[in-house]
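Asker: Submitted below is the structure of interest, expressed as structure tokens.
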Amino acid sequence: MVSRYLFGSFTRLGLVIAALTALADQALKLWLIYGFDLAHRGRFALAPYVDLVLNWNTGISYGLFRDQGTVGQWMLLIVKVVAVALLWAWLARAPSRLAAIALGLIIGGAVGNAIDRLTFGAVADFVLLHFSTATWHFEWYVFNLADVAIVAGVIGLLWDALIPRSAAKAP
């Protein structure tokens, strides 16, 4: 009976996507931290409006709740574990491949960031989007591959929910 709540038609697909997402996120972060040594290189220009810079985020999105200490970090981790469990339950009932892939991206991104929180006590963010003119400078927040996967997953879920599936044709 429990398996009905954990596994559905597209669960395996979603879990494979989640595992690949978390693996890719961790591999890139570890390479940037230890292989590329981003902390010592400092800000590294990747493209005209994209820089690599190591930023340790102890909070959640946009750095919210970052000054909550060790108890706050554990609370954020517990919330993340509960969220992943609920997303897995949703994945077991995914109505389509797109929904399963989207949920897999979200789960994988959440797991990737949770691994950072467990390993480092903070999430490693490294992509900085910015725009500058002679008199004006704008920097967007710093993010990572897991964050991109979560956003792509949410877009996939919205697409799946808002775009009607092709109806069965009458004979």
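Every chain in the structure tokens takes a letter, A first, then B, and so on in the order presented; its residues are numbered from 1, and the ligands are numbered from 1 following the presented order.
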Got a sec: who's within 12 Å of Thr70 in chain A, counting only C-alpha atoms, leaving out chain neighbours fewer than 6 positions off, as a ChimeraX atom specification?
Answerer: /A:58-59,76-77,117-118,120-122
Asker: List the spatial neighbours of range 78-86 of chain A as an NGL selection string - criterion: any atom at most 9 Å away, only C-alpha atoms, same-chain residues fewer than 2 positions off excluded.
Answerer: :A and (73-76 or 88-91 or 106-108 or 110-111 or 114)
Asker: Go ahead and write the selection's residues with C-alpha atoms as a PDB file, in the first residue's frame.
Answerer:
```
ATOM      1  CA  GLN A  73      20.206  25.964   9.402  1.00  0.00           C
ATOM      2  CA  TRP A  74      18.798  22.709  10.769  1.00  0.00           C
ATOM      3  CA  MET A  75      15.256  24.055  10.490  1.00  0.00           C
ATOM      4  CA  LEU A  76      15.862  24.951   6.827  1.00  0.00           C
ATOM      5  CA  TRP A  88       8.110  12.683  -4.277  1.00  0.00           C
ATOM      6  CA  ALA A  89       4.483  11.962  -3.307  1.00  0.00           C
ATOM      7  CA  TRP A  90       3.399  14.359  -6.069  1.00  0.00           C
ATOM      8  CA  LEU A  91       5.815  12.650  -8.458  1.00  0.00           C
ATOM      9  CA  ILE A 106      12.895  20.418  -8.507  1.00  0.00           C
ATOM     10  CA  ILE A 107      13.724  17.428  -6.298  1.00  0.00           C
ATOM     11  CA  GLY A 108      17.268  17.196  -7.685  1.00  0.00           C
ATOM     12  CA  ALA A 110      16.536  20.744  -3.603  1.00  0.00           C
ATOM     13  CA  VAL A 111      18.723  17.711  -2.848  1.00  0.00           C
ATOM     14  CA  ALA A 114      20.587  20.296   0.853  1.00  0.00           C
TER      15      ALA A 114
END
```
Asker: Could you give me, as an MDAnalysis selection string, each residue of range 20-78 of chain A that DSSP assigns to strand (DSSP E) when run on this structure's backbone?
Answerer: chainID A and resid 44:47 50:57
Asker: For the selection you just gave me, I'd like the residues written to a file as an mmCIF file, in the first residue's frame, keeping N, CA and C atoms.
Answerer:
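In the end it all went to result18.cif:
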```
data_model
loop_
_atom_site.group_PDB
_atom_site.id
_atom_site.type_symbol
_atom_site.label_atom_id
_atom_site.label_comp_id
_atom_site.auth_asym_id
_atom_site.auth_seq_id
_atom_site.Cartn_x
_atom_site.Cartn_y
_atom_site.Cartn_z
ATOM 1 N N PHE A 44 35.370 36.095 -11.557
ATOM 2 C CA PHE A 44 35.914 35.645 -12.825
ATOM 3 C C PHE A 44 34.888 35.920 -13.925
ATOM 4 N N ALA A 45 35.261 36.764 -14.883
ATOM 5 C CA ALA A 45 34.344 37.110 -15.979
ATOM 6 C C ALA A 45 34.183 35.915 -16.913
ATOM 7 N N LEU A 46 32.955 35.473 -17.082
ATOM 8 C CA LEU A 46 32.657 34.340 -17.947
ATOM 9 C C LEU A 46 32.125 34.812 -19.291
ATOM 10 N N ALA A 47 31.334 35.864 -19.272
ATOM 11 C CA ALA A 47 30.737 36.472 -20.464
ATOM 12 C C ALA A 47 30.503 37.941 -20.131
ATOM 13 N N VAL A 50 27.969 38.013 -17.335
ATOM 14 C CA VAL A 50 27.950 36.847 -16.446
ATOM 15 C C VAL A 50 29.339 36.678 -15.830
ATOM 16 N N ASP A 51 29.370 36.636 -14.496
ATOM 17 C CA ASP A 51 30.618 36.384 -13.782
ATOM 18 C C ASP A 51 30.439 35.165 -12.886
ATOM 19 N N LEU A 52 31.557 34.498 -12.618
ATOM 20 C CA LEU A 52 31.585 33.456 -11.597
ATOM 21 C C LEU A 52 32.157 34.082 -10.339
ATOM 22 N N VAL A 53 31.494 33.870 -9.225
ATOM 23 C CA VAL A 53 31.954 34.373 -7.943
ATOM 24 C C VAL A 53 31.394 33.443 -6.869
ATOM 25 N N LEU A 54 32.221 33.043 -5.916
ATOM 26 C CA LEU A 54 31.764 32.124 -4.884
ATOM 27 C C LEU A 54 31.062 32.894 -3.783
ATOM 28 N N ASN A 55 29.824 32.512 -3.525
ATOM 29 C CA ASN A 55 29.028 33.149 -2.492
ATOM 30 C C ASN A 55 28.377 32.049 -1.653
ATOM 31 N N TRP A 56 28.578 32.083 -0.352
ATOM 32 C CA TRP A 56 27.986 31.091 0.545
ATOM 33 C C TRP A 56 26.682 31.636 1.093
ATOM 34 N N ASN A 57 25.585 31.023 0.716
ATOM 35 C CA ASN A 57 24.250 31.465 1.124
ATOM 36 C C ASN A 57 23.774 30.605 2.285
#
```
Asker: Show which residues sit within 12 Å of Leu157 in chain A, as a PyMOL selection string. Count only C-alpha atoms, and ignore same-chain residues fewer than 2 positions away.
Answerer: chain A and resi 87+90-91+94-106+150-155+159-163
